[in-house]
Every structure is written in C-alpha cells, then in structure tokens.
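So this block is final_26.cif, mmCIF, C-alpha atoms:
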```cif
data_query
#
loop_
_atom_site.label_atom_id
_atom_site.label_comp_id
_atom_site.auth_asym_id
_atom_site.auth_seq_id
_atom_site.Cartn_x
_atom_site.Cartn_y
_atom_site.Cartn_z
CA MET A 1 0.00 0.00 0.00
CA ASP A 2 1.43 3.37 -0.98
CA THR A 3 0.65 6.32 1.29
CA PRO A 4 3.07 8.91 2.68
CA HIS A 5 1.69 8.64 6.21
CA ARG A 6 2.33 4.96 6.86
CA TRP A 7 4.88 3.27 9.07
CA GLN A 8 5.44 -0.46 8.78
CA TYR A 9 6.94 -2.62 11.53
CA VAL A 10 7.11 -6.28 10.55
CA ASP A 11 3.40 -7.21 10.73
CA ASP A 12 2.11 -3.94 12.25
CA SER A 13 1.15 -0.86 10.28
CA ILE A 14 0.36 2.65 11.40
CA LEU A 15 -1.55 5.15 9.31
CA GLY A 16 -1.55 8.82 10.13
CA VAL A 17 -3.01 11.78 8.34
CA PRO A 18 -2.48 15.38 9.43
CA VAL A 19 -5.73 17.29 9.73
CA ASN A 20 -6.32 21.03 9.96
CA ASN A 21 -7.97 21.64 13.35
CA ARG A 22 -9.82 24.72 12.10
CA ASP A 23 -11.59 22.78 9.36
CA PRO A 24 -11.17 19.07 10.11
CA ASP A 25 -11.58 16.80 7.10
CA PHE A 26 -11.09 13.14 7.92
CA ALA A 27 -11.94 11.94 4.40
CA PRO A 28 -8.26 11.42 3.44
CA LEU A 29 -7.78 9.14 6.45
CA GLN A 30 -10.90 7.14 5.61
CA ALA A 31 -9.69 6.92 2.00
CA SER A 32 -6.35 5.52 3.26
CA LEU A 33 -8.23 2.96 5.35
CA ASP A 34 -10.33 2.01 2.32
CA ASN A 35 -7.13 1.59 0.28
CA LEU A 36 -5.70 -0.59 3.05
CA LYS A 37 -8.79 -2.80 2.98
CA ALA A 38 -8.59 -3.09 -0.82
CA TRP A 39 -4.87 -3.93 -0.59
CA THR A 40 -5.54 -6.73 1.92
CA VAL A 41 -8.21 -8.20 -0.37
CA ASP A 42 -6.01 -7.93 -3.48
CA ASN A 43 -3.05 -9.53 -1.69
CA SER A 44 -4.99 -12.22 0.19
CA ALA A 45 -3.87 -10.73 3.49
CA THR A 46 -5.91 -10.75 6.68
CA MET A 47 -6.40 -8.07 9.28
CA ASN A 48 -6.93 -8.59 12.97
CA HIS A 49 -9.87 -6.26 13.52
CA THR A 50 -9.64 -6.68 17.29
CA LYS A 51 -6.21 -5.00 17.15
CA SER A 52 -7.26 -2.29 14.71
CA MET A 53 -7.93 0.94 16.57
CA MET A 54 -7.80 4.67 16.18
CA MET A 55 -6.11 7.23 18.39
CA HIS A 56 -7.13 10.81 17.82
CA VAL A 57 -4.15 13.05 18.56
CA CYS A 58 -5.18 16.68 18.77
CA THR A 59 -2.79 19.37 19.94
CA SER A 60 -5.34 22.15 19.45
CA LYS A 61 -6.88 23.98 22.37
CA ARG A 62 -10.22 23.60 20.53
CA ASP A 63 -12.18 20.46 21.19
CA VAL A 64 -12.09 18.52 17.93
CA PRO A 65 -14.16 15.34 18.29
CA PRO A 66 -12.60 12.13 16.97
CA PRO A 67 -13.87 10.93 13.62
CA LEU A 68 -15.95 7.83 13.05
CA LEU A 69 -13.72 5.61 10.94
CA SER A 70 -14.02 2.05 9.71
CA ILE A 71 -12.13 -0.60 7.85
CA GLY A 72 -14.75 -2.27 5.73
CA SER A 73 -17.69 -3.00 8.02
CA HIS A 74 -15.58 -2.82 11.20
CA HIS A 75 -15.75 0.49 13.06
CA LEU A 76 -12.49 1.49 14.70
CA GLN A 77 -12.44 1.77 18.46
CA VAL A 78 -11.13 5.15 19.71
CA VAL A 79 -8.40 4.71 22.33
CA GLN A 80 -6.69 7.26 24.58
CA PHE A 81 -3.35 5.42 24.57
CA THR A 82 -1.72 2.45 22.93
CA LYS A 83 1.53 0.55 23.03
CA LEU A 84 3.64 1.19 19.99
CA LEU A 85 6.78 -0.90 19.68
CA GLY A 86 7.03 -1.25 23.44
CA ILE A 87 6.43 2.43 24.20
CA THR A 88 3.11 3.68 25.54
CA VAL A 89 1.94 6.62 23.46
CA ASP A 90 -1.07 8.63 24.56
CA ASN A 91 -3.32 10.97 22.61
CA GLN A 92 -1.55 14.01 24.10
CA LEU A 93 1.80 12.64 22.89
CA HIS A 94 3.31 12.55 26.35
CA VAL A 95 6.80 11.17 26.13
CA SER A 96 7.17 10.64 29.85
CA ASN A 97 7.17 6.84 29.51
CA ALA A 98 10.08 6.98 27.07
CA VAL A 99 11.90 9.47 29.29
CA ARG A 100 11.30 7.34 32.39
CA ALA A 101 12.49 4.15 30.66
CA ALA A 102 15.63 5.86 29.33
CA SER A 103 16.37 7.50 32.70
CA TYR A 104 16.10 4.14 34.43
CA LYS A 105 18.65 2.67 32.01
CA GLN A 106 21.07 5.51 32.84
CA TYR A 107 21.76 3.86 36.17
CA MET A 108 23.66 1.24 34.20
CA LEU A 109 25.86 3.97 32.68
CA ARG A 110 26.58 5.61 36.03
CA ARG A 111 27.44 2.27 37.62
CA LEU A 112 29.75 1.24 34.79
CA ARG A 113 31.44 4.66 34.90
CA THR A 114 32.22 4.22 38.61
CA LEU A 115 33.68 0.79 37.80
CA GLY A 116 36.07 2.42 35.31
CA ALA A 117 34.48 1.58 31.97
CA PRO A 118 36.05 3.65 29.16
CA ALA A 119 34.01 6.37 27.43
CA ALA A 120 33.93 4.43 24.14
CA GLU A 121 32.24 1.47 25.82
CA LEU A 122 29.82 3.75 27.67
CA CYS A 123 28.96 5.37 24.35
CA SER A 124 28.21 1.94 22.84
CA ILE A 125 26.01 1.09 25.82
CA TYR A 126 24.16 4.41 25.44
CA SER A 127 23.60 3.68 21.73
CA SER A 128 22.41 0.15 22.44
CA PHE A 129 20.24 0.54 25.53
CA ILE A 130 19.23 4.18 26.11
CA LEU A 131 18.92 5.86 22.73
CA PRO A 132 16.52 3.20 21.41
CA LYS A 133 14.18 3.91 24.35
CA LEU A 134 14.08 7.55 23.27
CA MET A 135 13.82 6.98 19.53
CA TYR A 136 12.02 3.67 19.06
CA ALA A 137 8.50 5.01 18.49
CA SER A 138 9.50 8.49 17.38
CA PRO A 139 7.70 8.30 14.01
CA ALA A 140 4.45 8.32 15.96
CA TRP A 141 5.10 11.45 17.98
CA SER A 142 8.24 13.30 16.89
CA SER A 143 6.57 15.81 14.57
CA SER A 144 4.10 16.98 17.21
CA LEU A 145 6.23 17.37 20.34
CA THR A 146 5.83 20.47 22.44
CA LEU A 147 8.88 22.46 23.49
CA THR A 148 8.61 20.99 27.01
CA GLN A 149 8.56 17.44 25.66
CA GLN A 150 11.57 18.15 23.45
CA GLN A 151 13.40 19.51 26.49
CA GLN A 152 12.56 16.38 28.52
CA LEU A 153 14.10 14.17 25.85
CA GLU A 154 17.10 16.48 25.53
CA ARG A 155 17.73 16.44 29.30
CA VAL A 156 17.96 12.64 29.30
CA GLN A 157 20.53 12.76 26.52
CA LYS A 158 22.56 15.51 28.20
CA ARG A 159 22.66 13.57 31.47
CA ALA A 160 23.90 10.50 29.63
CA PHE A 161 26.64 12.46 27.91
CA ARG A 162 27.73 14.02 31.20
CA VAL A 163 28.12 10.52 32.59
CA ILE A 164 29.99 9.31 29.51
CA LEU A 165 32.27 12.32 29.02
CA GLY A 166 32.54 13.54 32.59
CA PRO A 167 31.39 16.86 34.06
CA ASP A 168 33.71 18.96 31.91
#
```
Just give me the structure of the file as structure tokens.
Amino acid sequence: MDTPHRWQYVDDSILGVPVNNRDPDFAPLQASLDNLKAWTVDNSATMNHTKSMMMHVCTSKRDVPPPLLSIGSHHLQVVQFTKLLGITVDNQLHVSNAVRAASYKQYMLRRLRTLGAPAAELCSIYSSFILPKLMYASPAWSSSLTLTQQQQLERVQKRAFRVILGPD
C-alpha cells in the first residue's frame, strides 16, 4: 500500500493523516483505510480487527471530536493510549514513559562509569540501551512534540553524555 503517512513494523502498520484543526476533514484518512482494505483483499492478506484501533491526537486547544472511521464493516475503536513498539503513546503525545524508561537505564551507565568503563564502551552502551528507548516510536510522535517534551528528551541525553564524558 502506498501512502506517505504509513509506518510499517514487521506485521504492524500505522496510518496517520495530518488534519487542519480549524476545518477538520477526515476523508483522506478514511480513503487511506479504504485503500488498506482493498490492498488486503487484493493480496490475500488478513487483518486482525480486534487489534485495529484509532487514536485521535489533537494538539489544538479547541475540542475537535474524533472521527468515526471504519475498515470495511468494522468500526475502529477510539483509544486514549496504545503501546507502539514497546512504548506507551497517549493521545496528548506525552513522552514521559520513554523518558522514564531511558532514565532508568542511565543507572547502568553511572554504575559502569564508577567501575572504570572507558568512554567508548559507555557510548556503545548508550547507543544500544538508552537511545533506542528515546527513539524507538518516534515516528508516531516526533513531529508533534511540544517544546517541554523536546526539552525532557534532551535532558535525558545531556545527562547520559555528562556521565559518559565527565562533568567537563
């Protein structure tokens, strides 16, 4: 299926369509869902309708009600949060779960630093265990982060680099 607002992870797909909050038009999203349904039929693929859901992410101060969307005859359940590649994402795009998970992993860096691990090894550990926690589900939320959320993510990275490189 060819749409610019699709992310594919093995057997999971995510569709997203930006909508103008002043004049919401959800027809392009429904059209993408219709194309997805047609693609599954044409390619003899099956969908798990119990796992198909919709999360309405709205950063507007105006109350924009979620659309009524369906895939074929199955109406999509509207959820407030969902797990995406191991990270809980909510409809306000809070990144606190990712920040908390990455901060927890920083203990490993601090401990290894006190045991004398070289900076190069600490950098590899950061790249392997901490950075993925921050970036894993970023396609879902990165384009809509608030300044505060960006700063939260940046603080985690700065703390890690202070541990790796030292206070100077």
Can you list what the PyMOL selection byres ((chain A and resi 50-60) around 6) grabs from this structure, as a PDB file with C-alpha atoms, in the frame of the given file?
```
ATOM      1  CA  ASN A  48      -6.930  -8.590  12.970  1.00  0.00           C
ATOM      2  CA  HIS A  49      -9.870  -6.260  13.520  1.00  0.00           C
ATOM      3  CA  LYS A  61      -6.880  23.980  22.370  1.00  0.00           C
ATOM      4  CA  ARG A  62     -10.220  23.600  20.530  1.00  0.00           C
ATOM      5  CA  PRO A  66     -12.600  12.130  16.970  1.00  0.00           C
ATOM      6  CA  LEU A  76     -12.490   1.490  14.700  1.00  0.00           C
ATOM      7  CA  GLN A  77     -12.440   1.770  18.460  1.00  0.00           C
ATOM      8  CA  VAL A  78     -11.130   5.150  19.710  1.00  0.00           C
ATOM      9  CA  VAL A  79      -8.400   4.710  22.330  1.00  0.00           C
ATOM     10  CA  ASN A  91      -3.320  10.970  22.610  1.00  0.00           C
TER      11      ASN A  91
END
```
Handout entry: Spatial sel., origin (15.8, 13.7, 26.8), limit 12 Å, all atoms listed in the file, listed as a VMD selection string
Key = chain A and resid 95 to 103 106 130 to 135 147 to 161
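Of note, CA of Ser13 (chain A) and CA of Ser127 (chain A) are spaced 25.6 Å apart.
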Problem - Residue among A:Leu29, A:Phe129, A:Ala119, A:Pro24 lying closest to Ile164 (chain A), counting all atoms listed in the file - result: A:Ala119
Practice task
Tell me, in Å to one decimal, how far CA of Leu69 (chain A) is from CA of Phe26 (chain A).
Solution key: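 So the two atoms, CA of Leu69 (chain A) and CA of Phe26 (chain A), lie 8.5 Å apart.
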